[in-house]
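Here's the structure, in structure tokens; my notes come after.
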Amino acid sequence: MATAIELDGKDVLSRFKQEFYQPDGRIYMDGNSLGLMSRRAEAKLVELMHSWKVFGIDGWTEGTHPWFTLAEEMSLQIAPMVGAKPHEVMVTGSITSNIHQMLSTVFLPTSERFAIVVDELNFPSDIYAVESHLRLRGLDPKTAMRKIPSKDGYTLEYEDIVSHLQEDVALLFLPSVLYRSGQLLPIRNITAAAHDKGILTAFDLAHSIGALPHELHKDGVDFAVWCHYKYMNSGPGGTGGLFIHERHHHLEPGHAGWFGSDKAKQFDMDHRFSKAEGAGAYQIGTPNIFSMAPLLGSLEMFEEAGMAAIREKSLKLTAMLRNLIKEQLPEFVDVTPNEDNSRGGHIALAHPEAARICKALKQAGVVPDFRSPNIIRLAPVAFYTSFCDVEETVSRLKNIMQEELYKNFTNERNVVA
Ligand SMILES: *Cc1c(COP(=O)(O)O)cnc(C)c1O
């Protein structure tokens, strides 16, 4: 087997590491929660602030990236990353606000079909959004929200998903990659099975966008939502994104606002809403320009590197990580699925002392990610994690376990663990 040094020597993406700031020189394994800042992201933010400085209000139409069409400009770059047609994607909102917007637009319950199927492992915000939306529609989440159970507490089984596709279900809404275990669901098969029964499908791509390629249009997904601050490295609170399949573009936005207008008519200030064509119609208010600017810099790197190379390296990094852990640290239970086509960009390890092992790792110069109650997530990111970093992470973790250094900490999570 090739050594870490050899793998780094052959790594076609190794040049990108120096483009990222590495806080405190630590090995950063938390890019699945908040990606690191790159010099190019920083430069684009400064560039757009400069437009404000020199153009004032004319920055909406002047400068290198006029603000009035910035979201549309960036959406063209994001579309290939999710396998969408250019007019099916919009950079806007946050995951949660986009769930609300898409539900209010695409979910059209009738007395026969009114239920939304979710899963019991999903991220809380997605669940809160679905529940509150059902209530707004006069439906009771107790009967209208169905949760697919997990047998092992970490992953979902295809048969359990399919068995929930019943006659009164209107929409199936699942994560592409489960945020705890890193399980990647078969989007194409799930969508086909749901459509067979007349059920719409939607996916939350929070843990897959920027980590692996997608084919949302070809797969026929009805809508999808995501953020850009995880693997896309757009910075905290960076503006999110949505995909809405072109077959739904005739729908009026459930939540309309003037930035959903046809651009040519927006400044007519007419009280009759002229909907934009395509996904732009589902924007609401004025875009957050400075929360979008860093993504411009980040996207340049994605275009240069290519998603195929990013996914290839990511799979190699995570494979190396889990193999070393299996060999050297058998007390950790690796709960991420085995097959490459069933896993995303991180590895999840279960251990009863997970919370304080994470604190010890941080002290030892490795930034992990803890998810209550017992999961350590490690995300080696193709852009800025080397194979030597992976080896070093395992070596430090081994030392923590051998020396019982985690016992210097309490096994509770901090406010932001
Ligand atoms: C990160 C994440 C969120 C966060 O939602 P925001 O609206 O961007 O704060 C929601 N859902 C999932 C599955 C996530 O991974």
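Residue numbering restarts at 1 for every chain of the structure tokens, chains are lettered A, B, ... in their displayed order, and ligands are numbered from 1 as they appear.
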As a short mmCIF file (atom, residue, chain, number, x, y, z; two decimals) with C-alpha atoms, in the first residue's frame, please: every protein or nucleic acid residue near ligand 1 (cut-off 9 Å, counting only C-alpha atoms and all ligand atoms).
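Saved as pocket-v8.cif:
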```cif
data_model
loop_
_atom_site.label_atom_id
_atom_site.label_comp_id
_atom_site.auth_asym_id
_atom_site.auth_seq_id
_atom_site.Cartn_x
_atom_site.Cartn_y
_atom_site.Cartn_z
CA ASN A 32 -18.80 19.26 6.95
CA SER A 33 -20.08 21.80 9.52
CA LEU A 34 -18.24 24.94 8.44
CA GLY A 93 -32.18 32.06 1.42
CA SER A 94 -31.07 29.39 3.87
CA ILE A 95 -31.86 25.69 3.98
CA THR A 96 -34.71 26.26 6.37
CA SER A 97 -36.23 29.28 4.64
CA ASN A 98 -35.93 27.47 1.30
CA ILE A 99 -37.76 24.44 2.73
CA ASN A 122 -33.08 14.08 10.00
CA PHE A 123 -31.67 17.39 11.19
CA PRO A 124 -34.12 19.15 13.57
CA SER A 125 -34.57 22.31 11.52
CA ASP A 126 -35.96 20.33 8.56
CA ILE A 127 -38.45 18.65 10.87
CA LEU A 174 -35.11 13.18 2.78
CA PRO A 175 -31.47 14.17 3.18
CA SER A 176 -29.12 13.12 0.37
CA VAL A 177 -26.46 12.33 2.98
CA LEU A 178 -27.53 11.75 6.59
CA TYR A 179 -25.79 14.30 8.77
CA ASP A 204 -31.75 18.31 1.49
CA LEU A 205 -28.22 18.36 0.03
CA ALA A 206 -26.54 20.01 3.05
CA HIS A 207 -24.04 17.17 3.44
CA VAL A 225 -32.39 22.77 -0.85
CA TRP A 226 -28.87 23.25 0.52
CA CYS A 227 -26.44 25.62 2.19
CA HIS A 228 -23.01 26.68 0.94
CA TYR A 229 -21.19 27.01 4.25
CA LYS A 230 -20.35 23.31 4.69
CA GLY A 237 -24.40 32.02 7.24
CA GLY A 238 -23.47 32.08 3.56
CA THR A 239 -26.55 32.31 1.34
CA GLY A 240 -28.09 28.92 0.52
#
```
Using only C-alpha atoms, determine which residues lie at most 7 Å from A:Pro253, disregarding the query and same-chain residues fewer than 6 positions distant; provide the list as an mmCIF file with C-alpha atoms, in the first residue's frame.
```
data_model
loop_
_atom_site.group_PDB
_atom_site.id
_atom_site.type_symbol
_atom_site.label_atom_id
_atom_site.label_comp_id
_atom_site.auth_asym_id
_atom_site.auth_seq_id
_atom_site.Cartn_x
_atom_site.Cartn_y
_atom_site.Cartn_z
ATOM 1 C CA THR A 105 -44.999 26.324 -3.635
ATOM 2 C CA ALA A 281 -39.154 33.343 -9.124
ATOM 3 C CA TYR A 282 -38.723 31.757 -5.696
#
```
A:Leu242 environment, 6 Å, only C-alpha atoms, sequence neighbours closer than 6 positions dropped, as a list in words: Val89, Met90, Ala224 and Val225 of chain A
Write out as a ChimeraX atom specification the residues lying within 12 Å of stretch 399-408 of chain A, counting only C-alpha atoms and excluding same-chain residues fewer than 3 positions away. /A:325,328-332,351-366,392-396,411-412
With C-alpha atoms retained, write the just-selected residues as a PDB file, in the first residue's frame.
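File written: part33.pdb
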```pdb
ATOM      1  CA  ILE A 325      -9.083   3.369  12.726  1.00  0.00           C
ATOM      2  CA  GLN A 328      -5.531   0.688  15.372  1.00  0.00           C
ATOM      3  CA  LEU A 329      -8.605   1.736  17.332  1.00  0.00           C
ATOM      4  CA  PRO A 330     -11.109  -1.131  17.363  1.00  0.00           C
ATOM      5  CA  GLU A 331     -12.992   0.395  20.317  1.00  0.00           C
ATOM      6  CA  PHE A 332     -14.594   2.885  17.903  1.00  0.00           C
ATOM      7  CA  HIS A 351     -18.061   5.811  21.235  1.00  0.00           C
ATOM      8  CA  PRO A 352     -19.644   6.297  24.686  1.00  0.00           C
ATOM      9  CA  GLU A 353     -16.973   8.894  25.562  1.00  0.00           C
ATOM     10  CA  ALA A 354     -17.369  10.745  22.247  1.00  0.00           C
ATOM     11  CA  ALA A 355     -17.969  14.206  23.753  1.00  0.00           C
ATOM     12  CA  ARG A 356     -14.787  14.283  25.785  1.00  0.00           C
ATOM     13  CA  ILE A 357     -12.695  12.506  23.181  1.00  0.00           C
ATOM     14  CA  CYS A 358     -13.598  15.398  20.866  1.00  0.00           C
ATOM     15  CA  LYS A 359     -12.411  17.905  23.470  1.00  0.00           C
ATOM     16  CA  ALA A 360      -9.128  16.019  23.846  1.00  0.00           C
ATOM     17  CA  LEU A 361      -8.706  15.926  20.072  1.00  0.00           C
ATOM     18  CA  LYS A 362      -9.155  19.672  19.884  1.00  0.00           C
ATOM     19  CA  GLN A 363      -6.501  20.129  22.553  1.00  0.00           C
ATOM     20  CA  ALA A 364      -4.238  17.837  20.555  1.00  0.00           C
ATOM     21  CA  GLY A 365      -4.579  20.107  17.501  1.00  0.00           C
ATOM     22  CA  VAL A 366      -7.302  18.270  15.573  1.00  0.00           C
ATOM     23  CA  GLU A 392      -1.568  12.279  11.947  1.00  0.00           C
ATOM     24  CA  THR A 393      -5.201  12.516  13.138  1.00  0.00           C
ATOM     25  CA  VAL A 394      -5.332   8.787  13.813  1.00  0.00           C
ATOM     26  CA  SER A 395      -1.963   8.871  15.543  1.00  0.00           C
ATOM     27  CA  ARG A 396      -3.110  11.665  17.882  1.00  0.00           C
ATOM     28  CA  ASN A 411     -18.249  14.021  28.816  1.00  0.00           C
ATOM     29  CA  GLU A 412     -20.731  16.804  28.033  1.00  0.00           C
TER      30      GLU A 412
END
```
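For A:His249, the non-local neighbours within 9 Å, defined as residues at least 6 positions apart in the same chain or in other chains and counting only C-alpha atoms, are Glu88, Glu277, Gly278, Ala279 and Ala281 of chain A.
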As a check of understanding: the span from atom CA of A:Ala264 to atom CA of A:Gly280 is 12.8 Å
Residue set, stretch 15-101 of chain A restricted to helix (DSSP H, G or I), as a short mmCIF file (atom, residue, chain, number, x, y, z; two decimals) with N, CA and C atoms, in the first residue's frame:
```cif
data_model
loop_
_atom_site.label_atom_id
_atom_site.label_comp_id
_atom_site.auth_asym_id
_atom_site.auth_seq_id
_atom_site.Cartn_x
_atom_site.Cartn_y
_atom_site.Cartn_z
N ARG A 15 -2.34 21.27 -4.59
CA ARG A 15 -2.02 22.70 -4.67
C ARG A 15 -3.06 23.59 -3.98
N PHE A 16 -4.27 23.06 -3.77
CA PHE A 16 -5.32 23.90 -3.19
C PHE A 16 -5.15 24.14 -1.69
N LYS A 17 -4.43 23.25 -1.01
CA LYS A 17 -4.31 23.35 0.45
C LYS A 17 -3.79 24.73 0.87
N GLN A 18 -2.80 25.22 0.12
CA GLN A 18 -2.20 26.51 0.51
C GLN A 18 -3.12 27.69 0.24
N GLU A 19 -4.24 27.44 -0.43
CA GLU A 19 -5.20 28.53 -0.68
C GLU A 19 -6.13 28.76 0.51
N PRO A 23 -6.86 27.57 10.71
CA PRO A 23 -6.86 28.22 12.02
C PRO A 23 -5.94 27.52 13.01
N ASP A 24 -5.05 28.29 13.63
CA ASP A 24 -4.15 27.77 14.66
C ASP A 24 -3.24 26.65 14.17
N GLY A 25 -3.15 26.48 12.88
CA GLY A 25 -2.34 25.37 12.35
C GLY A 25 -2.90 24.00 12.71
N ARG A 39 -8.31 32.11 0.50
CA ARG A 39 -7.86 33.46 0.11
C ARG A 39 -8.76 34.02 -0.98
N ARG A 40 -9.26 33.14 -1.87
CA ARG A 40 -10.10 33.64 -2.96
C ARG A 40 -11.47 34.09 -2.46
N ALA A 41 -12.00 33.38 -1.46
CA ALA A 41 -13.28 33.80 -0.88
C ALA A 41 -13.12 35.17 -0.24
N GLU A 42 -12.02 35.32 0.48
CA GLU A 42 -11.73 36.60 1.13
C GLU A 42 -11.61 37.71 0.08
N ALA A 43 -10.89 37.41 -1.00
CA ALA A 43 -10.66 38.44 -2.04
C ALA A 43 -11.98 38.88 -2.68
N LYS A 44 -12.89 37.93 -2.90
CA LYS A 44 -14.16 38.29 -3.53
C LYS A 44 -15.03 39.15 -2.59
N LEU A 45 -14.97 38.83 -1.31
CA LEU A 45 -15.73 39.64 -0.36
C LEU A 45 -15.18 41.08 -0.36
N VAL A 46 -13.86 41.19 -0.33
CA VAL A 46 -13.25 42.51 -0.36
C VAL A 46 -13.61 43.24 -1.66
N GLU A 47 -13.61 42.48 -2.75
CA GLU A 47 -13.92 43.07 -4.06
C GLU A 47 -15.35 43.63 -4.08
N LEU A 48 -16.30 42.89 -3.53
CA LEU A 48 -17.68 43.38 -3.56
C LEU A 48 -17.90 44.51 -2.55
N MET A 49 -17.15 44.50 -1.46
CA MET A 49 -17.23 45.64 -0.54
C MET A 49 -16.65 46.88 -1.21
N HIS A 50 -15.65 46.64 -2.05
CA HIS A 50 -15.04 47.74 -2.79
C HIS A 50 -16.08 48.38 -3.75
N SER A 51 -16.93 47.53 -4.36
CA SER A 51 -17.99 48.06 -5.24
C SER A 51 -18.90 49.02 -4.46
N TRP A 52 -19.19 48.65 -3.23
CA TRP A 52 -20.04 49.48 -2.38
C TRP A 52 -19.34 50.83 -2.11
N LYS A 53 -18.03 50.68 -1.79
CA LYS A 53 -17.23 51.86 -1.46
C LYS A 53 -17.17 52.85 -2.63
N VAL A 54 -16.93 52.34 -3.83
CA VAL A 54 -16.69 53.25 -4.95
C VAL A 54 -17.95 53.58 -5.77
N PHE A 55 -18.96 52.71 -5.72
CA PHE A 55 -20.14 52.96 -6.55
C PHE A 55 -21.37 53.38 -5.76
N GLY A 56 -21.37 53.13 -4.42
CA GLY A 56 -22.61 53.40 -3.68
C GLY A 56 -23.75 52.62 -4.31
N ILE A 57 -24.89 53.26 -4.47
CA ILE A 57 -26.06 52.53 -4.99
C ILE A 57 -25.85 52.02 -6.42
N ASP A 58 -24.95 52.63 -7.16
CA ASP A 58 -24.72 52.17 -8.54
C ASP A 58 -24.06 50.79 -8.59
N GLY A 59 -23.61 50.29 -7.43
CA GLY A 59 -23.07 48.93 -7.37
C GLY A 59 -24.10 47.89 -7.81
N TRP A 60 -25.39 48.24 -7.77
CA TRP A 60 -26.41 47.28 -8.24
C TRP A 60 -26.23 46.97 -9.72
N TRP A 67 -24.65 43.71 -8.40
CA TRP A 67 -25.43 43.01 -7.37
C TRP A 67 -26.81 42.58 -7.85
N PHE A 68 -27.38 43.37 -8.78
CA PHE A 68 -28.76 43.09 -9.21
C PHE A 68 -28.89 41.69 -9.81
N THR A 69 -27.83 41.22 -10.47
CA THR A 69 -27.89 39.91 -11.12
C THR A 69 -26.90 38.91 -10.51
N LEU A 70 -26.38 39.24 -9.32
CA LEU A 70 -25.36 38.37 -8.72
C LEU A 70 -25.89 36.96 -8.45
N ALA A 71 -27.10 36.88 -7.87
CA ALA A 71 -27.66 35.55 -7.56
C ALA A 71 -27.83 34.73 -8.84
N GLU A 72 -28.29 35.38 -9.89
CA GLU A 72 -28.49 34.68 -11.17
C GLU A 72 -27.14 34.25 -11.75
N GLU A 73 -26.15 35.16 -11.65
CA GLU A 73 -24.80 34.85 -12.15
C GLU A 73 -24.24 33.61 -11.43
N MET A 74 -24.37 33.58 -10.10
CA MET A 74 -23.80 32.48 -9.33
C MET A 74 -24.58 31.19 -9.55
N SER A 75 -25.88 31.32 -9.77
CA SER A 75 -26.71 30.12 -9.96
C SER A 75 -26.26 29.33 -11.19
N LEU A 76 -25.79 30.05 -12.20
CA LEU A 76 -25.30 29.37 -13.41
C LEU A 76 -24.08 28.51 -13.08
N GLN A 77 -23.29 28.96 -12.11
CA GLN A 77 -22.11 28.19 -11.72
C GLN A 77 -22.48 27.01 -10.82
N ILE A 78 -23.53 27.19 -10.01
CA ILE A 78 -23.92 26.12 -9.09
C ILE A 78 -24.67 25.00 -9.83
N ALA A 79 -25.42 25.36 -10.87
CA ALA A 79 -26.27 24.37 -11.55
C ALA A 79 -25.53 23.07 -11.90
N PRO A 80 -24.33 23.15 -12.53
CA PRO A 80 -23.66 21.87 -12.84
C PRO A 80 -23.27 21.07 -11.60
N MET A 81 -23.08 21.74 -10.48
CA MET A 81 -22.68 21.01 -9.26
C MET A 81 -23.80 20.13 -8.74
N VAL A 82 -25.04 20.46 -9.08
CA VAL A 82 -26.16 19.62 -8.62
C VAL A 82 -26.82 18.90 -9.80
N PRO A 86 -29.57 25.23 -16.12
CA PRO A 86 -29.20 26.53 -15.54
C PRO A 86 -30.37 27.26 -14.88
N HIS A 87 -31.57 27.15 -15.44
CA HIS A 87 -32.70 27.91 -14.88
C HIS A 87 -33.41 27.17 -13.75
N GLU A 88 -32.87 26.02 -13.32
CA GLU A 88 -33.53 25.26 -12.25
C GLU A 88 -32.93 25.55 -10.86
N ILE A 95 -31.19 26.99 4.12
CA ILE A 95 -31.86 25.69 3.98
C ILE A 95 -33.28 25.80 4.50
N THR A 96 -33.40 26.30 5.72
CA THR A 96 -34.71 26.26 6.37
C THR A 96 -35.71 27.18 5.67
N SER A 97 -35.28 28.39 5.31
CA SER A 97 -36.23 29.28 4.64
C SER A 97 -36.57 28.73 3.25
N ASN A 98 -35.63 28.06 2.61
CA ASN A 98 -35.93 27.47 1.30
C ASN A 98 -36.87 26.28 1.41
N ILE A 99 -36.78 25.53 2.52
CA ILE A 99 -37.76 24.44 2.73
C ILE A 99 -39.16 25.06 2.80
N HIS A 100 -39.28 26.13 3.58
CA HIS A 100 -40.60 26.78 3.69
C HIS A 100 -41.09 27.27 2.33
N GLN A 101 -40.19 27.90 1.58
CA GLN A 101 -40.59 28.41 0.27
C GLN A 101 -41.01 27.28 -0.66
#
```
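Proximity of A:Leu378, A:Tyr154, A:Arg188, A:Phe114 to A:Arg137, computed with only C-alpha atoms, is greatest for A:Phe114.
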Please provide as a PDB file with all heavy atoms, in the first residue's frame all residues within 7 Å of stretch 219-221 of chain A, with the sequence filter that same-chain residues fewer than 5 positions apart are discarded (counting only C-alpha atoms).
```pdb
ATOM      1  N   ARG A 188     -31.714   8.551  -7.160  1.00  0.00           N
ATOM      2  CA  ARG A 188     -32.427   8.177  -8.392  1.00  0.00           C
ATOM      3  C   ARG A 188     -33.477   7.103  -8.124  1.00  0.00           C
ATOM      4  O   ARG A 188     -34.634   7.239  -8.525  1.00  0.00           O
ATOM      5  CB  ARG A 188     -31.425   7.681  -9.429  1.00  0.00           C
ATOM      6  CG  ARG A 188     -32.097   7.187 -10.709  1.00  0.00           C
ATOM      7  CD  ARG A 188     -31.084   6.956 -11.804  1.00  0.00           C
ATOM      8  NE  ARG A 188     -30.321   8.174 -12.049  1.00  0.00           N
ATOM      9  CZ  ARG A 188     -29.205   8.225 -12.777  1.00  0.00           C
ATOM     10  NH1 ARG A 188     -28.726   7.126 -13.318  1.00  0.00           N
ATOM     11  NH2 ARG A 188     -28.565   9.363 -12.958  1.00  0.00           N
ATOM     12  N   THR A 191     -36.398   8.388  -5.957  1.00  0.00           N
ATOM     13  CA  THR A 191     -37.281   9.277  -6.725  1.00  0.00           C
ATOM     14  C   THR A 191     -38.168   8.468  -7.663  1.00  0.00           C
ATOM     15  O   THR A 191     -39.380   8.714  -7.765  1.00  0.00           O
ATOM     16  CB  THR A 191     -36.440  10.310  -7.500  1.00  0.00           C
ATOM     17  OG1 THR A 191     -35.662  11.042  -6.556  1.00  0.00           O
ATOM     18  CG2 THR A 191     -37.315  11.272  -8.284  1.00  0.00           C
ATOM     19  N   THR A 201     -40.743  14.045  -4.766  1.00  0.00           N
ATOM     20  CA  THR A 201     -39.574  13.838  -3.901  1.00  0.00           C
ATOM     21  C   THR A 201     -38.757  15.116  -3.793  1.00  0.00           C
ATOM     22  O   THR A 201     -38.639  15.883  -4.749  1.00  0.00           O
ATOM     23  CB  THR A 201     -38.614  12.751  -4.422  1.00  0.00           C
ATOM     24  OG1 THR A 201     -38.139  13.133  -5.696  1.00  0.00           O
ATOM     25  CG2 THR A 201     -39.262  11.405  -4.482  1.00  0.00           C
ATOM     26  N   ALA A 202     -38.193  15.294  -2.622  1.00  0.00           N
ATOM     27  CA  ALA A 202     -37.334  16.449  -2.366  1.00  0.00           C
ATOM     28  C   ALA A 202     -36.165  15.984  -1.503  1.00  0.00           C
ATOM     29  O   ALA A 202     -36.300  15.050  -0.719  1.00  0.00           O
ATOM     30  CB  ALA A 202     -38.128  17.524  -1.637  1.00  0.00           C
ATOM     31  N   HIS A 245     -37.382  21.628 -10.142  1.00  0.00           N
ATOM     32  CA  HIS A 245     -37.423  21.015 -11.467  1.00  0.00           C
ATOM     33  C   HIS A 245     -38.285  21.856 -12.397  1.00  0.00           C
ATOM     34  O   HIS A 245     -39.320  22.385 -11.996  1.00  0.00           O
ATOM     35  CB  HIS A 245     -37.987  19.593 -11.369  1.00  0.00           C
ATOM     36  CG  HIS A 245     -37.706  18.773 -12.585  1.00  0.00           C
ATOM     37  ND1 HIS A 245     -38.411  18.915 -13.758  1.00  0.00           N
ATOM     38  CD2 HIS A 245     -36.762  17.828 -12.824  1.00  0.00           C
ATOM     39  CE1 HIS A 245     -37.926  18.074 -14.674  1.00  0.00           C
ATOM     40  NE2 HIS A 245     -36.924  17.403 -14.120  1.00  0.00           N
TER      41      HIS A 245
END
```
For A:Ala308, please output as a list in words all residues within 12 Å (counting only C-alpha atoms; exclusion window: fewer than 3 positions along the same chain). Val12, Leu13, Pro80, Met81, Gly210, Ala211, Leu212, Pro213, His214, Phe302, Glu303, Glu304, Ala305, Arg311, Glu312, Lys313, Ser314, Leu315 and Ala382 of chain A
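Of the residues under consideration (A:Arg135, A:Ile148, A:Phe387, A:Leu397), A:Leu397 shows the shortest atom-to-atom contact distance to A:Val367 when counting only C-alpha atoms.
With only C-alpha atoms as the atoms that count, the minimum distance from A:Met29 to the choices A:Leu251, A:Val118, A:Met232, A:Ala379 is reached by A:Ala379.
Residues of stretch 134-310 of chain A that DSSP, applied to the backbone, places in strand (DSSP E or B): Met145, Arg146, Lys147, Ile148, Val169, Ala170, Leu171, Leu172, Phe173, Leu174, Pro175, Val177, Gln183, Leu184, Leu200, Thr201, Ala202, Phe203, Asp204, Phe223, Ala224, Val225, Trp226, Gly241, Leu242, Phe243, Ile244, Ser261 and Lys275 of chain A.
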